[in-house]
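Raw contents of data_31.txt, compact mmCIF, C-alpha atoms:
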```
# COMPACT_ATOMS: atom_id res chain seq x y z
CA MET A 23 -61.21 -11.65 -28.08
CA PRO A 24 -57.81 -12.20 -29.81
CA THR A 25 -54.96 -13.67 -27.83
CA ASP A 26 -52.65 -11.30 -25.98
CA THR A 27 -49.61 -12.35 -28.02
CA PRO A 28 -49.62 -12.70 -31.80
CA PRO A 29 -49.24 -16.43 -32.55
CA THR A 30 -46.87 -15.84 -35.49
CA ILE A 31 -44.32 -13.57 -33.81
CA ASP A 32 -41.16 -15.00 -32.27
CA PRO A 33 -40.53 -12.77 -29.20
CA VAL A 34 -36.77 -13.38 -29.27
CA ALA A 35 -36.60 -12.28 -32.91
CA ALA A 36 -38.81 -9.28 -32.13
CA ALA A 37 -36.49 -8.16 -29.33
CA ARG A 38 -33.47 -8.62 -31.58
CA TRP A 39 -35.05 -6.47 -34.30
CA GLN A 40 -36.01 -3.79 -31.77
CA ARG A 41 -32.34 -3.46 -30.83
CA ALA A 42 -30.88 -3.77 -34.34
CA ALA A 43 -33.35 -1.83 -36.53
CA PRO A 44 -31.69 0.95 -38.59
CA ALA A 45 -31.67 4.32 -36.85
CA HIS A 46 -33.64 6.15 -39.51
CA SER A 47 -37.23 6.49 -40.68
CA PRO A 48 -38.01 4.53 -43.88
CA TRP A 49 -39.77 6.45 -46.63
CA LEU A 50 -42.98 4.47 -46.16
CA HIS A 51 -43.06 5.27 -42.44
CA GLU A 52 -42.71 8.98 -43.14
CA GLU A 53 -45.42 8.87 -45.81
CA VAL A 54 -47.84 7.05 -43.50
CA ALA A 55 -47.06 9.53 -40.71
CA ARG A 56 -47.74 12.44 -43.07
CA ARG A 57 -51.14 10.96 -43.96
CA MET A 58 -51.94 10.29 -40.31
CA GLU A 59 -50.91 13.82 -39.32
CA SER A 60 -53.39 15.28 -41.79
CA ARG A 61 -56.17 13.55 -39.84
CA LEU A 62 -55.42 15.68 -36.79
CA GLN A 63 -57.28 18.55 -38.42
CA TRP A 64 -60.48 16.83 -37.30
CA MET A 65 -59.47 16.81 -33.62
CA ARG A 66 -61.37 19.52 -31.75
CA GLN A 67 -58.87 20.18 -28.97
CA ALA A 68 -55.10 20.54 -29.25
CA PRO A 69 -53.06 18.68 -26.63
CA ALA A 70 -51.19 20.64 -24.00
CA THR A 71 -48.74 17.74 -23.72
CA TRP A 72 -48.21 14.84 -26.11
CA CYS A 73 -45.88 11.87 -26.49
CA HIS A 74 -44.01 10.71 -29.58
CA TRP A 75 -43.48 6.97 -29.19
CA ASP A 76 -40.38 5.54 -30.93
CA PRO A 77 -39.86 8.51 -33.27
CA VAL A 78 -36.58 7.41 -34.85
CA ARG A 79 -38.25 4.57 -36.73
CA GLY A 80 -41.71 6.14 -36.76
CA GLY A 81 -40.82 9.40 -38.45
CA LEU A 82 -38.40 12.23 -37.65
CA GLN A 83 -39.86 14.38 -40.44
CA ALA A 84 -43.30 13.67 -39.01
CA HIS A 85 -42.12 14.97 -35.64
CA ALA A 86 -41.43 18.33 -37.27
CA LEU A 87 -44.96 18.36 -38.73
CA LEU A 88 -46.46 17.64 -35.32
CA ARG A 89 -44.34 20.37 -33.76
CA GLN A 90 -45.64 22.83 -36.35
CA ARG A 91 -49.24 21.82 -35.64
CA TYR A 92 -48.82 22.05 -31.84
CA PRO A 93 -45.99 24.58 -31.35
CA GLY A 94 -46.89 25.44 -27.77
CA ALA A 95 -47.39 21.87 -26.54
CA ASP A 96 -44.85 20.06 -24.41
CA CYS A 97 -43.61 16.77 -25.85
CA TYR A 98 -42.24 13.60 -24.30
CA VAL A 99 -39.98 11.75 -26.73
CA THR A 100 -40.04 8.07 -25.78
CA GLU A 101 -37.50 5.98 -27.67
CA THR A 102 -37.80 2.46 -26.25
CA ALA A 103 -34.69 1.04 -27.99
CA PRO A 104 -31.54 2.04 -26.05
CA PRO A 105 -29.33 2.00 -29.20
CA ARG A 106 -31.52 4.71 -30.76
CA GLN A 107 -31.98 6.98 -27.76
CA ALA A 108 -28.86 9.00 -28.49
CA HIS A 109 -29.99 9.40 -32.10
CA ALA A 110 -33.39 10.65 -30.92
CA ALA A 111 -31.71 13.14 -28.58
CA ALA A 112 -29.44 14.47 -31.32
CA ALA A 113 -32.24 14.75 -33.86
CA LEU A 114 -35.10 16.10 -31.75
CA ALA A 115 -33.73 18.02 -28.77
CA PRO A 116 -33.65 21.77 -29.56
CA SER A 117 -30.17 23.25 -29.91
CA TRP A 118 -29.04 25.52 -27.10
CA TRP A 119 -29.10 28.53 -29.46
CA SER A 120 -32.52 27.73 -30.94
CA THR A 121 -35.39 30.11 -30.12
CA ALA A 122 -37.62 27.01 -29.89
CA ARG A 123 -36.08 26.36 -26.46
CA TRP A 124 -37.71 29.56 -25.16
CA THR A 125 -40.76 30.14 -27.36
CA GLY A 126 -42.14 26.64 -28.00
CA GLY A 127 -43.23 23.74 -25.87
CA ALA A 128 -40.60 21.81 -23.96
CA THR A 129 -39.10 18.58 -25.32
CA ARG A 130 -38.38 15.91 -22.72
CA LEU A 131 -36.43 12.83 -23.76
CA ALA A 132 -38.12 10.45 -21.34
CA PRO A 133 -41.21 8.30 -20.91
CA PRO A 134 -44.23 10.37 -19.85
CA PRO A 135 -45.45 10.11 -16.25
CA PRO A 136 -48.74 8.22 -15.84
CA GLY A 137 -51.78 10.21 -16.93
CA SER A 138 -49.73 13.14 -18.20
CA VAL A 139 -50.34 13.44 -21.97
CA GLN A 140 -53.41 14.28 -24.01
CA MET A 141 -52.15 12.60 -27.19
CA LEU A 142 -49.86 9.62 -27.77
CA TRP A 143 -48.50 9.27 -31.31
CA ALA A 144 -47.15 5.84 -32.37
CA ASN A 145 -46.45 5.38 -36.07
CA MET A 146 -45.73 1.99 -37.69
CA ALA A 147 -44.62 0.19 -34.53
CA LEU A 148 -47.48 -2.03 -33.40
CA HIS A 149 -47.09 -4.74 -36.07
CA MET A 150 -43.54 -5.46 -34.84
CA ALA A 151 -44.51 -5.83 -31.17
CA ALA A 152 -44.33 -9.33 -29.69
CA ASP A 153 -46.86 -8.36 -27.01
CA PRO A 154 -49.16 -5.66 -28.42
CA GLN A 155 -51.50 -5.79 -25.42
CA ALA A 156 -48.62 -4.86 -23.11
CA LEU A 157 -47.68 -2.02 -25.45
CA MET A 158 -51.26 -0.72 -25.51
CA ALA A 159 -51.30 -0.89 -21.71
CA GLN A 160 -48.25 1.41 -21.64
CA TRP A 161 -50.00 3.86 -23.95
CA HIS A 162 -53.14 3.75 -21.84
CA GLN A 163 -51.16 4.43 -18.66
CA ALA A 164 -49.40 7.44 -20.18
CA LEU A 165 -52.62 9.11 -21.37
CA ALA A 166 -54.72 11.47 -19.29
CA VAL A 167 -58.45 10.83 -19.11
CA ASP A 168 -60.06 11.95 -22.40
CA GLY A 169 -56.64 11.81 -24.06
CA HIS A 170 -56.30 9.84 -27.26
CA VAL A 171 -53.88 7.54 -29.04
CA MET A 172 -53.10 7.86 -32.75
CA PHE A 173 -51.30 4.90 -34.31
CA SER A 174 -50.67 3.13 -37.59
CA CYS A 175 -49.37 -0.30 -38.53
CA LEU A 176 -49.28 -2.85 -41.33
CA GLY A 177 -52.36 -4.95 -42.11
CA PRO A 178 -52.82 -8.52 -43.40
CA ASP A 179 -52.81 -7.65 -47.13
CA THR A 180 -49.22 -6.43 -46.82
CA LEU A 181 -46.74 -8.28 -49.09
CA ARG A 182 -49.45 -10.46 -50.60
CA GLU A 183 -47.49 -10.68 -53.88
CA LEU A 184 -44.33 -11.76 -52.06
CA ARG A 185 -46.26 -14.38 -50.11
CA ALA A 186 -47.53 -15.82 -53.39
CA VAL A 187 -43.97 -16.06 -54.73
CA TYR A 188 -42.75 -17.90 -51.63
CA ALA A 189 -45.76 -20.24 -51.67
CA ALA A 190 -45.18 -21.10 -55.35
CA LEU A 191 -41.55 -21.98 -54.59
CA GLY A 192 -42.53 -24.07 -51.54
CA TRP A 193 -40.62 -21.85 -49.13
CA PRO A 194 -41.61 -20.81 -45.59
CA VAL A 195 -43.58 -17.57 -45.39
CA PRO A 196 -41.56 -14.36 -45.93
CA SER A 197 -43.03 -12.52 -42.94
CA HIS A 198 -45.10 -12.97 -39.83
CA THR A 199 -48.86 -12.51 -40.09
CA PHE A 200 -50.18 -8.97 -39.70
CA THR A 201 -53.26 -8.40 -37.55
CA ASP A 202 -56.62 -7.34 -38.98
CA MET A 203 -57.91 -3.88 -38.05
CA HIS A 204 -61.02 -5.30 -36.36
CA ASP A 205 -58.80 -7.34 -34.03
CA TRP A 206 -56.80 -4.22 -33.21
CA GLY A 207 -60.06 -2.51 -32.29
CA ASP A 208 -60.96 -5.38 -29.95
CA MET A 209 -57.52 -5.20 -28.33
CA LEU A 210 -57.90 -1.45 -27.73
CA VAL A 211 -61.17 -2.02 -25.89
CA HIS A 212 -59.58 -4.88 -23.92
CA ALA A 213 -56.74 -2.51 -22.94
CA GLY A 214 -59.22 0.02 -21.52
CA PHE A 215 -59.67 2.37 -24.47
CA ALA A 216 -63.05 3.58 -25.69
CA GLU A 217 -64.58 4.53 -29.05
CA PRO A 218 -61.88 2.95 -31.25
CA VAL A 219 -62.01 4.12 -34.85
CA MET A 220 -60.16 1.94 -37.34
CA ASP A 221 -59.46 2.67 -40.99
CA MET A 222 -57.23 1.22 -43.70
CA GLU A 223 -55.86 1.89 -47.16
CA HIS A 224 -53.55 0.17 -49.62
CA ILE A 225 -50.29 1.70 -50.81
CA THR A 226 -48.42 0.17 -53.75
CA LEU A 227 -44.65 0.64 -53.90
CA THR A 228 -42.79 -0.01 -57.16
CA PHE A 229 -39.15 -0.92 -57.68
CA ALA A 230 -36.93 -0.99 -60.75
CA THR A 231 -34.98 -4.09 -59.67
CA PRO A 232 -35.45 -6.99 -57.24
CA GLU A 233 -32.31 -5.91 -55.39
CA ARG A 234 -33.85 -2.50 -54.68
CA LEU A 235 -37.07 -4.18 -53.51
CA LEU A 236 -35.20 -6.44 -51.09
CA GLN A 237 -33.19 -3.49 -49.76
CA GLU A 238 -36.41 -1.64 -48.97
CA LEU A 239 -37.86 -4.65 -47.17
CA ARG A 240 -34.73 -5.01 -45.04
CA GLU A 241 -35.10 -1.38 -43.94
CA LEU A 242 -38.81 -1.73 -43.19
CA GLY A 243 -38.62 -4.71 -40.89
CA ALA A 244 -37.75 -8.35 -40.39
CA ASN A 245 -39.49 -11.69 -40.66
CA LEU A 246 -40.51 -12.56 -37.09
CA HIS A 247 -42.39 -15.76 -37.93
CA PRO A 248 -41.32 -18.74 -35.77
CA GLN A 249 -41.24 -20.97 -38.89
CA ARG A 250 -39.12 -18.62 -41.00
CA PHE A 251 -35.99 -19.96 -42.74
CA ALA A 252 -33.86 -21.38 -39.93
CA GLY A 253 -30.45 -20.60 -41.40
CA LEU A 254 -28.57 -18.48 -43.88
CA ARG A 255 -29.24 -18.82 -47.59
CA GLY A 256 -26.62 -18.67 -50.34
CA ARG A 257 -26.17 -16.98 -53.70
CA ARG A 258 -28.11 -19.65 -55.53
CA TRP A 259 -31.18 -19.07 -53.37
CA HIS A 260 -30.81 -15.30 -53.78
CA GLY A 261 -30.60 -15.62 -57.54
CA GLN A 262 -33.69 -17.84 -57.61
CA LEU A 263 -35.60 -15.30 -55.52
CA CYS A 264 -34.58 -12.38 -57.75
CA ASP A 265 -35.62 -14.29 -60.87
CA ALA A 266 -39.00 -15.12 -59.35
CA LEU A 267 -39.58 -11.52 -58.25
CA THR A 268 -38.73 -10.24 -61.72
CA GLN A 269 -41.09 -12.68 -63.41
CA GLN A 270 -44.05 -12.55 -61.02
CA LEU A 271 -44.09 -9.01 -59.63
CA ALA A 272 -43.62 -7.06 -62.86
CA SER A 273 -46.74 -4.92 -63.29
CA ALA A 274 -47.96 -3.66 -66.66
CA ALA A 275 -49.99 -1.02 -64.81
CA HIS A 276 -46.71 0.37 -63.40
CA GLY A 277 -44.60 0.33 -66.55
CA GLY A 278 -43.14 -3.12 -65.90
CA GLN A 279 -41.73 -2.23 -62.51
CA LEU A 280 -42.01 -4.65 -59.59
CA ALA A 281 -45.06 -3.84 -57.45
CA LEU A 282 -45.70 -4.68 -53.79
CA THR A 283 -48.86 -3.98 -51.80
CA PHE A 284 -48.82 -2.58 -48.27
CA GLU A 285 -52.02 -2.43 -46.24
CA ILE A 286 -51.89 0.48 -43.83
CA ILE A 287 -54.13 0.46 -40.76
CA TYR A 288 -54.88 3.66 -38.86
CA GLY A 289 -56.25 3.55 -35.32
CA HIS A 290 -57.61 6.13 -32.91
CA ALA A 291 -59.16 5.70 -29.46
CA PHE A 292 -59.83 7.65 -26.25
CA LYS A 293 -58.99 6.91 -22.65
CA PRO A 294 -62.34 7.13 -20.81
CA THR A 295 -62.98 8.06 -17.21
CA PRO A 296 -62.06 4.98 -15.15
CA ARG A 297 -64.78 2.95 -13.54
CA VAL A 298 -64.35 1.17 -10.24
CA ALA A 299 -65.71 -2.36 -10.06
CA VAL A 300 -68.13 -2.84 -7.19
CA SER A 301 -66.60 -5.26 -4.70
CA GLY A 302 -65.89 -5.67 -1.02
CA HIS A 303 -62.50 -4.03 -1.47
CA SER A 304 -61.43 -1.79 -4.38
CA ALA A 305 -58.08 -0.11 -5.05
CA VAL A 306 -57.98 3.09 -7.12
CA SER A 307 -54.88 5.06 -8.11
CA LEU A 308 -54.67 8.69 -7.06
CA GLN A 309 -54.59 9.75 -10.71
CA ASP A 310 -57.77 7.80 -11.50
CA MET A 311 -59.52 9.11 -8.40
CA ARG A 312 -58.80 12.71 -9.40
CA ALA A 313 -60.16 12.02 -12.89
CA MET A 314 -63.36 10.46 -11.51
CA LEU A 315 -63.90 13.37 -9.14
CA ARG A 316 -63.43 15.92 -11.93
CA SER A 317 -65.93 14.13 -14.17
CA ALA A 318 -68.48 13.77 -11.36
CA ARG A 319 -68.23 17.39 -10.15
CA PRO A 320 -71.40 19.34 -11.08
CA PRO A 321 -70.96 22.57 -13.06
CA GLN A 322 -70.81 25.71 -10.91
CA GLU A 323 -73.51 28.32 -11.14
CA PRO A 324 -72.35 31.70 -12.47
CA VAL A 325 -71.90 34.32 -9.78
```

What is this structure when it is put down as structure tokens?
Amino acid sequence: MPTDTPPTIDPVAAARWQRAAPAHSPWLHEEVARRMESRLQWMRQAPATWCHWDPVRGGLQAHALLRQRYPGADCYVTETAPPRQAHAAAALAPSWWSTARWTGGATRLAPPPPGSVQMLWANMALHMAADPQALMAQWHQALAVDGHVMFSCLGPDTLRELRAVYAALGWPVPSHTFTDMHDWGDMLVHAGFAEPVMDMEHITLTFATPERLLQELRELGANLHPQRFAGLRGRRWHGQLCDALTQQLASAAHGGQLALTFEIIYGHAFKPTPRVAVSGHSAVSLQDMRAMLRSARPPQEPV
């Protein structure tokens, strides 16, 4: 079983990034969300209520796609970063004159009550969490029994070309380590989920200049490794980095543009009916007790 906290993430840096991340969805996040949304066609039952977790960074365009797929479902919009909550409200709350306020499912800008949603959607957030087990526990608590989580995140092959550049120059690593999909599956089970299904793919992004590449990386995230560069770097360092990127990342297969690999992990798991451990004294929440009673109730004979 992997440790509860990723060993290469500085929690102080992670909290700082959570507060300071740009209030928009990077192109890669929207593209991953679009691909993940297409997988919902295989889900047999549409949710009556679902939760969009951290939508400002995860994908505002994707929110519209999910609304189109489940127009009658209620939605809890949970933006965990206070600086981006107002942005989420402005972008996702229906306007007072919009017919969606009366014909579609309700939008609530708040965390969902325990056991209240049938689907929790979390796009490209897990790899930046200092305590992913605690985050999964929040997801598990929000879901109703038989509800499911859909999430995506970066995998360990991400930025492999950039890591090689930094290693060749003798510099500290350019990012924290990203968790393997099999470890994510183990963490889901440890958090109480069942039947985790993990999948991955590689996406290659190309850039005309090193400056454009670095701009994209700044929008996507931050280096949360405890052994990252300790201080600011000057123009000389920046010039050396740009020269190295131009020389080592130019790809003939992409017309000489600079190419970077991103490993995308997709995860899906259900919240099963809770089981009570046999002991001299057991405590069960009212929500879990109702779920166990529903699952244990025999089917009624037709009248």

Review point. Looking at A:Cys175, A:Leu271, A:Cys97, A:Met141, which one is nearest to A:Ala55, with distances taken over all atoms listed in the file?
Key: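 With all atoms listed in the file as the atom set, the closest residue is A:Cys175.
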
Exercise for review: Go through A:Leu157, A:Met58, A:Leu254, A:Ala70 one by one, measure the shortest atom-to-atom distance of each to A:Ile286 using only C-alpha atoms, and give the residue with the smallest value.
Suggested key: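 Ranking A:Leu157, A:Met58, A:Leu254, A:Ala70 by distance to A:Ile286, first place goes to A:Met58.
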
Review point. How many Å lie between atom CA of A:Trp49 and atom CA of A:Gly253, rounded to one decimal?
Key: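 Those two atoms sit 29.1 Å apart.
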
Practice item. Find the residue from A:Gly243, A:Pro44, A:Gly278, A:Pro133 that sits nearest to A:Thr231; use all atoms listed in the file when measuring. Key: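 Once distances to A:Thr231 are computed over all atoms listed in the file, the minimum belongs to A:Gly278.
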
Exercise for review: Counting all atoms listed in the file, figure out which residue out of A:Arg258, A:Arg297, A:His290, A:Arg185 gets nearest to A:Met158.
Suggested key: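 Residue with the minimum atom-to-atom distance to A:Met158: A:His290.
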
Check your understanding: Skipping near chain neighbours, those fewer than 3 positions away, what residues fall within 7 Å of stretch 83-95 of chain A using only C-alpha atoms, listed as an NGL selection string?
Key -> :A and (52 or 55-56 or 68-71 or 126-127)

Dump as a PDB file, in the frame of the given file, selection limited to C-alpha atoms:
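Output saved as out-v3.pdb:
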```pdb
ATOM      1  CA  GLU A  52     -42.710   8.980 -43.140  1.00  0.00           C
ATOM      2  CA  ALA A  55     -47.060   9.530 -40.710  1.00  0.00           C
ATOM      3  CA  ARG A  56     -47.740  12.440 -43.070  1.00  0.00           C
ATOM      4  CA  ALA A  68     -55.100  20.540 -29.250  1.00  0.00           C
ATOM      5  CA  PRO A  69     -53.060  18.680 -26.630  1.00  0.00           C
ATOM      6  CA  ALA A  70     -51.190  20.640 -24.000  1.00  0.00           C
ATOM      7  CA  THR A  71     -48.740  17.740 -23.720  1.00  0.00           C
ATOM      8  CA  GLY A 126     -42.140  26.640 -28.000  1.00  0.00           C
ATOM      9  CA  GLY A 127     -43.230  23.740 -25.870  1.00  0.00           C
TER      10      GLY A 127
END
```

Check your understanding: What is the distance between atom CA of A:Arg106 and atom CA of A:Asn145, in Å to one decimal?
Key ->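 Calculated distance between atom CA of A:Arg106 and atom CA of A:Asn145 is 15.9 Å.
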